[in-house]
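S.K.: Got a structure for you, coords_5.csv, holding CSV, C-alpha atoms.
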```csv
chain,number,residue,atom,x,y,z
T,12,MET,CA,4.2,-20.8,12.4
T,13,LEU,CA,4.7,-18.1,9.7
T,14,ARG,CA,8.3,-17.4,10.7
T,15,TRP,CA,9.4,-17.6,7.1
T,16,LEU,CA,12.8,-16.3,5.9
T,17,ALA,CA,12.5,-14.3,2.8
T,18,PRO,CA,15.6,-14.6,0.6
T,19,SER,CA,17.9,-11.6,0.9
T,20,SER,CA,19.7,-12.2,-2.4
T,21,ARG,CA,17.9,-9.3,-3.9
T,22,LYS,CA,19.7,-6.9,-1.6
T,23,GLY,CA,22.0,-4.7,-3.5
T,24,ARG,CA,20.5,-5.3,-6.9
T,25,THR,CA,20.0,-2.2,-9.0
T,26,LEU,CA,16.9,-1.9,-11.3
T,27,LYS,CA,16.7,0.3,-14.3
T,28,SER,CA,14.8,3.5,-13.9
T,29,ILE,CA,11.1,3.6,-15.1
T,30,LEU,CA,9.2,6.7,-16.0
T,31,ARG,CA,5.5,6.4,-16.9
T,32,TRP,CA,2.6,8.8,-16.8
T,33,SER,CA,0.0,6.3,-17.9
T,34,VAL,CA,-0.5,2.7,-18.9
T,35,PRO,CA,-0.5,2.2,-22.6
T,36,ALA,CA,-2.8,-0.7,-23.7
T,37,GLY,CA,-0.1,-2.3,-25.8
T,38,LEU,CA,2.3,-2.4,-22.9
T,39,ALA,CA,-0.3,-4.1,-20.7
T,40,LEU,CA,-0.7,-6.8,-23.4
T,41,ALA,CA,3.0,-7.2,-23.6
T,42,LEU,CA,3.3,-8.0,-20.0
T,43,VAL,CA,0.8,-10.9,-20.0
T,44,VAL,CA,2.4,-14.1,-18.6
T,45,THR,CA,1.9,-17.3,-20.5
T,46,GLY,CA,-0.5,-19.6,-18.8
T,47,PRO,CA,-4.2,-19.9,-18.0
T,48,VAL,CA,-6.2,-17.2,-16.2
T,49,VAL,CA,-7.0,-18.5,-12.8
T,50,ALA,CA,-10.4,-18.5,-11.1
T,51,GLU,CA,-11.2,-15.7,-8.7
T,52,ALA,CA,-9.9,-16.2,-5.2
T,53,LYS,CA,-12.5,-16.9,-2.5
T,54,GLN,CA,-13.3,-14.0,-0.2
T,55,THR,CA,-15.1,-13.3,3.0
T,56,THR,CA,-17.2,-10.3,4.0
T,57,ASP,CA,-18.2,-9.2,7.4
T,58,ARG,CA,-21.3,-7.2,8.6
T,59,ASN,CA,-19.2,-4.0,9.0
T,60,GLY,CA,-18.3,-3.6,5.4
T,61,ASN,CA,-15.0,-5.3,5.2
T,62,THR,CA,-13.9,-8.0,2.7
T,63,SER,CA,-10.8,-10.3,2.7
T,64,THR,CA,-9.1,-13.1,0.9
T,65,VAL,CA,-6.1,-15.3,1.5
T,66,ALA,CA,-3.1,-14.0,-0.5
T,67,ARG,CA,-2.4,-16.2,-3.6
T,68,THR,CA,0.1,-16.8,-6.4
T,69,THR,CA,-0.7,-16.1,-10.0
T,70,ASP,CA,-1.8,-19.7,-10.5
T,71,GLY,CA,-4.2,-19.5,-7.6
T,72,ARG,CA,-2.3,-21.3,-4.8
T,73,ALA,CA,-2.8,-19.9,-1.3
T,74,ILE,CA,0.4,-18.7,0.2
T,75,THR,CA,0.3,-21.1,3.2
T,76,ASN,CA,3.8,-22.2,3.6
T,77,GLU,CA,7.4,-21.2,3.3
T,78,LYS,CA,8.0,-22.8,0.0
T,79,ILE,CA,5.2,-20.9,-1.7
T,80,ALA,CA,6.2,-17.6,0.0
T,81,ASN,CA,9.7,-18.1,-1.3
T,82,GLU,CA,8.4,-18.7,-4.8
T,83,VAL,CA,6.8,-15.3,-4.7
T,84,THR,CA,10.1,-13.6,-3.8
T,85,GLU,CA,11.8,-15.6,-6.5
T,86,TYR,CA,9.1,-14.6,-9.0
T,87,TRP,CA,10.0,-10.9,-8.5
T,88,THR,CA,13.3,-10.9,-10.3
T,89,ALA,CA,15.1,-7.6,-10.9
T,90,GLU,CA,13.7,-7.6,-14.5
T,91,ARG,CA,10.1,-8.1,-13.4
T,92,MET,CA,10.3,-5.5,-10.8
T,93,ALA,CA,11.8,-3.0,-13.3
T,94,GLY,CA,9.1,-3.8,-15.8
T,95,ALA,CA,6.2,-3.5,-13.3
T,96,VAL,CA,3.8,-0.7,-14.5
T,97,ASP,CA,3.1,2.0,-12.0
T,98,LEU,CA,-0.6,1.5,-11.3
T,99,ASP,CA,-2.4,4.6,-12.4
T,100,PHE,CA,-5.0,6.4,-10.3
T,101,VAL,CA,-7.4,8.0,-12.8
T,102,LYS,CA,-10.9,7.4,-11.7
T,103,PRO,CA,-12.2,4.5,-13.9
T,104,LYS,CA,-15.7,4.4,-15.4
T,105,GLY,CA,-18.2,3.1,-12.8
T,106,ALA,CA,-16.3,4.5,-9.8
T,107,THR,CA,-18.7,5.8,-7.2
T,108,GLU,CA,-18.5,8.4,-4.4
T,109,ALA,CA,-20.9,10.3,-2.2
T,110,THR,CA,-22.6,13.1,-4.1
T,111,SER,CA,-22.7,15.6,-1.3
T,112,ARG,CA,-20.1,18.4,-1.3
T,113,VAL,CA,-20.7,19.0,2.4
T,114,PRO,CA,-18.5,17.1,4.8
T,115,GLU,CA,-20.3,14.4,6.8
T,116,SER,CA,-20.2,14.8,10.5
T,117,THR,CA,-17.3,13.0,12.1
T,118,GLY,CA,-17.3,10.5,15.0
T,119,THR,CA,-15.0,10.6,18.0
T,120,ALA,CA,-11.4,11.3,17.1
T,121,GLY,CA,-9.2,8.2,17.6
T,122,SER,CA,-5.5,7.4,17.4
T,123,VAL,CA,-3.0,4.5,17.3
T,124,ALA,CA,0.5,5.4,18.4
T,125,PRO,CA,3.6,4.6,16.3
T,126,VAL,CA,5.8,1.7,17.4
T,127,ARG,CA,9.6,1.5,16.9
T,128,ALA,CA,11.3,-1.5,15.3
T,129,SER,CA,12.5,-4.3,17.6
T,130,ILE,CA,15.9,-4.6,16.0
T,131,ALA,CA,18.9,-2.3,15.4
T,132,THR,CA,19.8,-2.0,11.7
T,133,SER,CA,23.1,-1.5,10.0
T,134,ASP,CA,24.4,1.8,8.6
T,135,ASP,CA,23.2,1.0,5.0
T,136,ALA,CA,19.6,0.9,6.4
T,137,SER,CA,19.8,4.2,8.3
T,138,ILE,CA,17.0,6.8,7.9
T,139,GLN,CA,17.6,9.6,5.4
T,140,LEU,CA,16.0,13.0,5.3
T,141,ASN,CA,12.4,12.9,4.1
T,142,GLU,CA,12.5,9.1,3.7
T,143,SER,CA,10.9,6.6,5.9
T,144,GLN,CA,11.8,2.9,6.5
T,145,THR,CA,8.1,2.3,7.1
T,146,VAL,CA,7.2,3.2,3.5
T,147,GLY,CA,8.0,1.0,0.5
T,148,LYS,CA,7.0,-0.3,-2.9
T,149,VAL,CA,4.5,-3.1,-3.4
T,150,TYR,CA,4.6,-5.4,-6.4
T,151,PHE,CA,1.7,-7.6,-7.6
T,152,THR,CA,0.1,-9.2,-10.6
T,153,ASP,CA,-3.4,-9.1,-11.9
T,154,PRO,CA,-5.5,-12.1,-12.9
T,155,ALA,CA,-4.0,-12.0,-16.4
T,156,GLY,CA,-0.4,-11.9,-15.1
T,157,ASN,CA,0.3,-8.3,-15.8
T,158,GLN,CA,2.8,-6.8,-13.3
T,159,TYR,CA,2.1,-3.6,-11.3
T,160,SER,CA,3.5,-1.5,-8.5
T,161,CYS,CA,2.1,0.8,-5.9
T,162,SER,CA,3.2,2.4,-2.6
T,163,ALA,CA,2.4,1.4,1.0
T,164,SER,CA,3.4,1.8,4.6
T,165,THR,CA,3.4,-0.2,7.8
T,166,VAL,CA,1.0,0.6,10.6
T,167,ALA,CA,1.4,-0.2,14.2
T,168,SER,CA,-0.7,-3.0,15.7
T,169,GLY,CA,-0.4,-5.6,18.5
T,170,LYS,CA,0.4,-8.4,16.0
T,171,ARG,CA,2.9,-6.3,14.0
T,172,ARG,CA,1.9,-7.6,10.6
T,173,LEU,CA,-0.1,-4.8,8.9
T,174,VAL,CA,0.8,-2.8,5.8
T,175,MET,CA,-1.7,-0.1,4.7
T,176,THR,CA,-2.3,1.0,1.0
T,177,ALA,CA,-5.1,1.9,-1.3
T,178,GLY,CA,-7.9,-0.5,-2.0
T,179,HIS,CA,-7.2,-0.4,-5.7
T,180,CYS,CA,-3.7,-1.7,-4.9
T,181,VAL,CA,-5.1,-5.0,-3.5
T,182,HIS,CA,-8.3,-5.4,-5.5
T,183,GLN,CA,-9.4,-4.2,-9.0
T,184,GLY,CA,-12.7,-2.9,-7.8
T,185,ARG,CA,-16.2,-3.5,-9.1
T,186,GLY,CA,-16.2,-6.5,-11.5
T,187,GLY,CA,-12.6,-7.2,-10.8
T,188,GLN,CA,-10.5,-9.6,-8.7
T,189,TRP,CA,-7.9,-9.6,-6.0
T,190,TYR,CA,-4.2,-9.2,-7.0
T,191,SER,CA,-1.7,-12.0,-6.5
T,192,ASN,CA,2.1,-12.3,-5.8
T,193,TRP,CA,1.7,-9.4,-3.4
T,194,GLN,CA,5.1,-8.3,-2.1
T,195,PHE,CA,6.2,-5.3,0.1
T,196,VAL,CA,9.7,-3.8,-0.1
T,197,PRO,CA,10.3,-1.4,2.8
T,198,ARG,CA,12.4,1.7,2.0
T,199,TYR,CA,13.2,0.5,-1.5
T,200,ARG,CA,15.7,2.8,-3.1
T,201,ASN,CA,17.3,2.5,-6.6
T,202,GLY,CA,17.0,-1.3,-6.7
T,203,VAL,CA,18.2,-1.9,-3.2
T,204,SER,CA,16.0,-3.7,-0.6
T,205,PRO,CA,17.9,-2.9,2.7
T,206,PHE,CA,15.4,-4.7,4.9
T,207,GLY,CA,14.6,-7.6,2.5
T,208,VAL,CA,11.1,-8.3,1.3
T,209,PHE,CA,7.8,-9.4,2.8
T,210,VAL,CA,5.1,-11.5,1.1
T,211,ALA,CA,1.4,-11.1,1.9
T,212,TYR,CA,-0.5,-13.7,3.9
T,213,GLY,CA,-3.9,-12.0,3.4
T,214,LEU,CA,-5.5,-9.0,1.7
T,215,THR,CA,-8.3,-6.9,3.0
T,216,ALA,CA,-10.3,-3.9,1.6
T,217,ARG,CA,-13.6,-2.1,2.2
T,218,THR,CA,-16.5,-3.9,0.6
T,219,ALA,CA,-17.6,-0.6,-1.0
T,220,TRP,CA,-14.4,-0.6,-3.0
T,221,VAL,CA,-14.6,-4.3,-3.9
T,222,ASN,CA,-18.2,-4.2,-5.0
T,223,ASN,CA,-18.6,-0.6,-6.2
T,224,SER,CA,-15.2,0.9,-6.8
T,225,SER,CA,-16.1,3.6,-4.2
T,226,PHE,CA,-13.2,6.1,-4.0
T,227,ASP,CA,-14.7,7.3,-0.7
T,228,GLU,CA,-13.5,3.9,0.7
T,229,ASP,CA,-10.4,3.3,-1.4
T,230,MET,CA,-8.5,1.7,1.5
T,231,GLY,CA,-6.6,-1.6,1.7
T,232,ILE,CA,-4.6,-3.4,4.4
T,233,ALA,CA,-2.3,-6.4,3.7
T,234,ILE,CA,-1.4,-8.9,6.4
T,235,MET,CA,2.2,-9.9,6.0
T,236,ASN,CA,4.1,-13.1,6.6
T,237,ASN,CA,7.4,-13.0,8.5
T,238,GLY,CA,10.2,-12.3,6.2
T,239,GLY,CA,12.9,-9.7,5.4
T,240,ASN,CA,16.6,-10.1,6.2
T,241,TRP,CA,16.0,-11.4,9.7
T,242,GLY,CA,12.8,-13.5,9.3
T,243,LEU,CA,10.8,-11.3,11.6
T,244,LYS,CA,7.4,-9.6,11.4
T,245,VAL,CA,7.4,-6.5,9.2
T,246,VAL,CA,6.7,-4.0,12.0
T,247,GLU,CA,9.3,-5.7,14.2
T,248,THR,CA,11.7,-5.1,11.4
T,249,VAL,CA,11.0,-1.4,10.4
T,250,GLY,CA,8.6,-0.2,13.0
T,251,GLY,CA,5.1,1.0,12.3
T,252,ASN,CA,3.3,4.3,11.8
T,253,GLY,CA,0.5,5.4,14.0
T,254,MET,CA,-3.0,6.0,12.6
T,255,ARG,CA,-5.7,8.7,13.1
T,256,TRP,CA,-9.3,8.8,12.2
T,257,ASN,CA,-12.1,11.4,12.6
T,258,TRP,CA,-9.6,14.2,12.8
T,259,GLY,CA,-11.4,16.4,10.3
T,260,TYR,CA,-10.9,17.3,6.7
T,261,ASN,CA,-8.8,20.4,7.2
T,262,ILE,CA,-5.4,19.4,8.5
T,263,SER,CA,-2.7,22.2,8.5
T,264,LEU,CA,0.3,20.0,7.6
T,265,VAL,CA,0.4,16.5,6.1
T,266,THR,CA,3.5,14.8,4.6
T,267,ALA,CA,2.6,12.4,1.7
T,268,LEU,CA,5.3,9.8,0.8
T,269,GLY,CA,5.4,7.5,-2.2
T,270,TYR,CA,7.2,6.2,-5.3
T,271,PRO,CA,5.8,8.2,-8.3
T,272,GLY,CA,7.0,7.2,-11.7
T,273,ASN,CA,6.9,10.9,-12.8
T,274,ILE,CA,9.6,11.9,-10.2
T,275,GLY,CA,12.7,9.7,-9.8
T,276,GLY,CA,11.3,7.0,-12.1
T,277,GLY,CA,9.7,5.2,-9.1
T,278,GLN,CA,13.1,4.4,-7.8
T,279,VAL,CA,13.2,6.7,-4.7
T,280,GLN,CA,10.7,8.0,-2.1
T,281,VAL,CA,9.3,11.4,-2.9
T,282,TYR,CA,7.4,13.6,-0.5
T,283,CYS,CA,4.9,16.5,-0.6
T,284,GLN,CA,3.9,18.6,2.3
T,285,GLY,CA,0.9,20.9,2.8
T,286,GLY,CA,-2.6,21.3,4.2
T,287,THR,CA,-5.7,19.2,3.3
T,288,TRP,CA,-9.2,20.2,2.5
T,289,HIS,CA,-12.6,18.6,1.7
T,290,ALA,CA,-12.7,17.2,-1.8
T,291,GLY,CA,-16.3,16.2,-1.9
T,292,GLY,CA,-18.0,13.1,-0.6
T,293,GLN,CA,-15.8,11.4,2.0
T,294,GLN,CA,-12.5,12.4,0.5
T,295,ILE,CA,-9.7,14.9,1.2
T,296,ARG,CA,-7.4,16.7,-1.2
T,297,MET,CA,-3.9,18.3,-1.1
T,298,TRP,CA,-1.4,19.9,-3.5
T,299,CYS,CA,1.1,17.4,-4.8
T,300,SER,CA,2.8,16.7,-8.1
T,301,MET,CA,3.2,13.0,-7.6
T,302,THR,CA,1.3,10.8,-10.1
T,303,TYR,CA,1.3,7.1,-11.0
T,304,GLY,CA,3.1,4.8,-8.6
T,305,SER,CA,2.4,6.9,-5.5
T,306,SER,CA,-1.0,5.2,-5.1
T,307,GLY,CA,-1.3,3.8,-1.6
T,308,GLY,CA,1.4,5.9,-0.1
T,309,PRO,CA,0.6,7.4,3.3
T,310,TRP,CA,-0.5,10.9,4.2
T,311,LEU,CA,1.2,11.4,7.6
T,312,GLN,CA,0.4,13.8,10.4
T,313,GLU,CA,3.3,14.8,12.6
T,314,TYR,CA,5.9,13.0,10.4
T,315,ASP,CA,9.3,13.0,12.0
T,316,ASP,CA,12.1,12.6,9.4
T,317,GLN,CA,14.5,11.7,12.2
T,318,THR,CA,12.6,8.6,13.2
T,319,GLY,CA,10.7,7.9,10.0
T,320,TYR,CA,7.3,7.7,11.9
T,321,GLY,CA,4.1,9.6,11.7
T,322,TYR,CA,0.3,9.1,12.0
T,323,ILE,CA,-1.4,7.9,8.8
T,324,ASN,CA,-4.4,10.1,8.1
T,325,SER,CA,-5.2,8.9,4.5
T,326,VAL,CA,-3.5,7.2,1.6
T,327,VAL,CA,-3.0,8.3,-2.1
T,328,SER,CA,-6.1,7.3,-4.0
T,329,HIS,CA,-6.3,9.1,-7.3
T,330,GLY,CA,-5.5,12.3,-9.1
T,331,ASP,CA,-8.2,14.9,-9.1
T,332,ASN,CA,-7.0,15.6,-12.7
T,333,PRO,CA,-3.5,14.0,-13.1
T,334,GLY,CA,-1.1,16.7,-14.0
T,335,ASN,CA,-2.8,19.6,-12.2
T,336,GLY,CA,-0.7,19.2,-9.0
T,337,GLN,CA,-3.4,17.8,-6.7
T,338,PHE,CA,-4.5,14.4,-5.5
T,339,ASP,CA,-7.2,12.9,-3.3
T,340,GLY,CA,-7.4,10.3,-0.6
T,341,PRO,CA,-10.2,8.7,1.4
T,342,TYR,CA,-11.2,10.5,4.5
T,343,PHE,CA,-10.2,8.3,7.5
T,344,ASP,CA,-13.3,8.0,9.7
T,345,ASP,CA,-14.7,5.0,11.6
T,346,ASP,CA,-14.5,2.9,8.4
T,347,ILE,CA,-10.7,2.8,8.4
T,348,LYS,CA,-10.7,1.8,12.1
T,349,SER,CA,-13.2,-1.0,11.2
T,350,LEU,CA,-10.9,-2.2,8.5
T,351,TYR,CA,-7.9,-2.0,10.7
T,352,ASP,CA,-9.6,-4.0,13.5
T,353,TYR,CA,-10.8,-6.5,10.9
T,354,ALA,CA,-7.3,-7.1,9.4
T,355,GLU,CA,-5.7,-7.3,12.9
T,356,GLY,CA,-8.3,-9.9,13.9
T,357,LEU,CA,-7.4,-12.0,10.8
T,358,SER,CA,-3.6,-11.8,11.5
T,359,PRO,CA,-1.8,-14.7,13.0
T,360,ALA,CA,-0.2,-14.1,16.4
```
Produce structure tokens that represent the structure in this file.

M.R.:
Amino acid sequence: MLRWLAPSSRKGRTLKSILRWSVPAGLALALVVTGPVVAEAKQTTDRNGNTSTVARTTDGRAITNEKIANEVTEYWTAERMAGAVDLDFVKPKGATEATSRVPESTGTAGSVAPVRASIATSDDASIQLNESQTVGKVYFTDPAGNQYSCSASTVASGKRRLVMTAGHCVHQGRGGQWYSNWQFVPRYRNGVSPFGVFVAYGLTARTAWVNNSSFDEDMGIAIMNNGGNWGLKVVETVGGNGMRWNWGYNISLVTALGYPGNIGGGQVQVYCQGGTWHAGGQQIRMWCSMTYGSSGGPWLQEYDDQTGYGYINSVVSHGDNPGNGQFDGPYFDDDIKSLYDYAEGLSPA
């Protein structure tokens, strides 16, 4: 079950460069796909503040078999991927966060160790300096058919299926819906997909994001179908980062990775390194010039650019003030561990 082979025909395609600082309203309208707007996908919420849905196509079909999964990969043609708008991360009206500027006390520090890939890859998929095979671009559509992109990364788990990103890269937030046609392209570079592509089986987020657009909990985890060039699980294919929670707001060195449209046109991984500090509420901040498109990219402790692995300690959530060289991420406390356990529990074996 779920050992679906994603087509590898996209390997080697080159996409035109895209460079966007914001999402013009006219462009969003131009990207609407002809067809009816579908009803909101059904979702499930647990008592620990986590919400999930089965991943779906634009027309509302659950991605429950190989045929439908392949339709998603075929949907994302080179032209559509090139035209996908880098999802911005300006705080929308109605976004909520804790009002206190004093960091909340943290729980017991915890950690999940990174895990290596199960297969050896060819030379064209080798690791390059300051670039990780665990980090990639994600593509998805909103309920109106508009096409967007974010960043994401794999995270180690027993079932080897999890990809971590921002909550706003899986769900629109308060009053909105889940995204569809969700696809992850690990270590995407200039139109090349060296490991193939993976289609989501399920999407999860914190309920505080889904219901209230809380940037304190702007966290999302996708559960992936088998896919890629070898028909394997995503973590079997590229390995998975570790994860840490309750390690404090002030970390001396973090490496943030993502695909910002303002640097490299969203076609290559970009990195920032520096320390983090408390940004208010349950958020952390660091210096970085990446903007739109880097949303969902990991903030990694102990990143090793020889192996491509580190420990995810947050994800890119939003710019404090886009253009000022800083951005924020949710503080990883017990809530991210709860979401991680929730997503792992929903994952097929």

S.K.: Find the residues near T:Ile74: any atom within 12 Å, counting only C-alpha atoms, skip ones fewer than 6 places away on the same chain, and give them as a PDB file with C-alpha atoms, keeping the file's coordinate frame.

M.R.:
```pdb
ATOM      1  CA  LEU T  13       4.700 -18.100   9.700  1.00  0.00           C
ATOM      2  CA  TRP T  15       9.400 -17.600   7.100  1.00  0.00           C
ATOM      3  CA  ALA T  52      -9.900 -16.200  -5.200  1.00  0.00           C
ATOM      4  CA  THR T  64      -9.100 -13.100   0.900  1.00  0.00           C
ATOM      5  CA  VAL T  65      -6.100 -15.300   1.500  1.00  0.00           C
ATOM      6  CA  ALA T  66      -3.100 -14.000  -0.500  1.00  0.00           C
ATOM      7  CA  ARG T  67      -2.400 -16.200  -3.600  1.00  0.00           C
ATOM      8  CA  THR T  68       0.100 -16.800  -6.400  1.00  0.00           C
ATOM      9  CA  ALA T  80       6.200 -17.600   0.000  1.00  0.00           C
ATOM     10  CA  ASN T  81       9.700 -18.100  -1.300  1.00  0.00           C
ATOM     11  CA  GLU T  82       8.400 -18.700  -4.800  1.00  0.00           C
ATOM     12  CA  VAL T  83       6.800 -15.300  -4.700  1.00  0.00           C
ATOM     13  CA  THR T  84      10.100 -13.600  -3.800  1.00  0.00           C
ATOM     14  CA  SER T 191      -1.700 -12.000  -6.500  1.00  0.00           C
ATOM     15  CA  ASN T 192       2.100 -12.300  -5.800  1.00  0.00           C
ATOM     16  CA  TRP T 193       1.700  -9.400  -3.400  1.00  0.00           C
ATOM     17  CA  GLN T 194       5.100  -8.300  -2.100  1.00  0.00           C
ATOM     18  CA  VAL T 210       5.100 -11.500   1.100  1.00  0.00           C
ATOM     19  CA  ALA T 211       1.400 -11.100   1.900  1.00  0.00           C
ATOM     20  CA  TYR T 212      -0.500 -13.700   3.900  1.00  0.00           C
ATOM     21  CA  GLY T 213      -3.900 -12.000   3.400  1.00  0.00           C
ATOM     22  CA  LEU T 214      -5.500  -9.000   1.700  1.00  0.00           C
ATOM     23  CA  ILE T 234      -1.400  -8.900   6.400  1.00  0.00           C
ATOM     24  CA  MET T 235       2.200  -9.900   6.000  1.00  0.00           C
ATOM     25  CA  ASN T 236       4.100 -13.100   6.600  1.00  0.00           C
TER      26      ASN T 236
END
```

S.K.: With distances taken over all atoms listed in the file, which of T:Glu228, T:Ala354, T:Gly275, T:Ala267 is nearest to T:Gly292?

M.R.: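 Residue with the minimum atom-to-atom distance to T:Gly292: T:Glu228.
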
S.K.: Need to verify the contact set: T:Gly251, 8 Å, all atoms listed in the file, exclusion of same-chain residues closer than 2 positions in sequence. Can you return it as a list in words?

M.R.: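 In the requested form, the answer reads Pro125, Val126, Arg127, Ala128, Thr145, Ser164, Thr165, Val166, Ala167, Ser168, Arg171, Val246, Val249, Gly253 and Tyr320 of chain T.
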
S.K.: Report, in Å to a single decimal, how far apart atom CA of T:Trp241 and atom CA of T:Asp153 are.

M.R.: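 Those two atoms sit 29.1 Å apart.
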
S.K.: Enter the distance from atom CA of T:Asp97 to atom CA of T:Pro205, in Å, rounded to one decimal.

M.R.: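 Computing the Euclidean distance for atom CA of T:Asp97 and atom CA of T:Pro205 yields 21.4 Å.
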
S.K.: May I have the residues at most 10 Å from (3.2, 10.0, 12.4) in the file's coordinates, counting all atoms listed in the file, as number ranges by chain?

M.R.: T: 123-125, 166, 251-255, 265-266, 309-316, 318-324

S.K.: Smallest atom-to-atom distance to T:Ala89: which of T:Val181, T:Thr56, T:Val203, T:Ala73, using all atoms listed in the file?

M.R.: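 Counting all atoms listed in the file, the residue closest to T:Ala89 is T:Val203.
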
S.K.: If I take atom CA of T:Ala216 and atom CA of T:Thr302, how far is one from the other in Å, to one decimal?

M.R.: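 Between atom CA of T:Ala216 and atom CA of T:Thr302 the gap is 22.1 Å.
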
S.K.: With all atoms listed in the file as the counted atoms, please give the residues lying no more than 8 Å from T:Ala219, apart from itself and same-chain residues fewer than 5 positions off, as a PyMOL selection string.

M.R.: chain T and resi 60+224-225+228

S.K.: Restricting the calculation to all atoms listed in the file, which member of T:Gly307, T:Gln188, T:Ala163, T:Arg172 is positioned closest to T:Asn237?

M.R.: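 For T:Asn237, the nearest of the candidates is T:Arg172.
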
S.K.: Counting only C-alpha atoms, which residue out of T:Ser328, T:Ser129, T:Ser204, T:Ser300 sits closest to T:Gln278?

M.R.: T:Ser204

S.K.: Looking at all atoms listed in the file, which of T:Gly336, T:Asn222, T:Ser143, T:Val281 is the one that sits closest to T:Gln317?

M.R.: T:Ser143

S.K.: Give the answer as one residue: which of T:His329, T:His182, T:Arg58, T:Arg217 has the shortest atom-to-atom distance to T:Cys299, using only C-alpha atoms?

M.R.: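 Of T:His329, T:His182, T:Arg58, T:Arg217, the one nearest T:Cys299 is T:His329, counting only C-alpha atoms.
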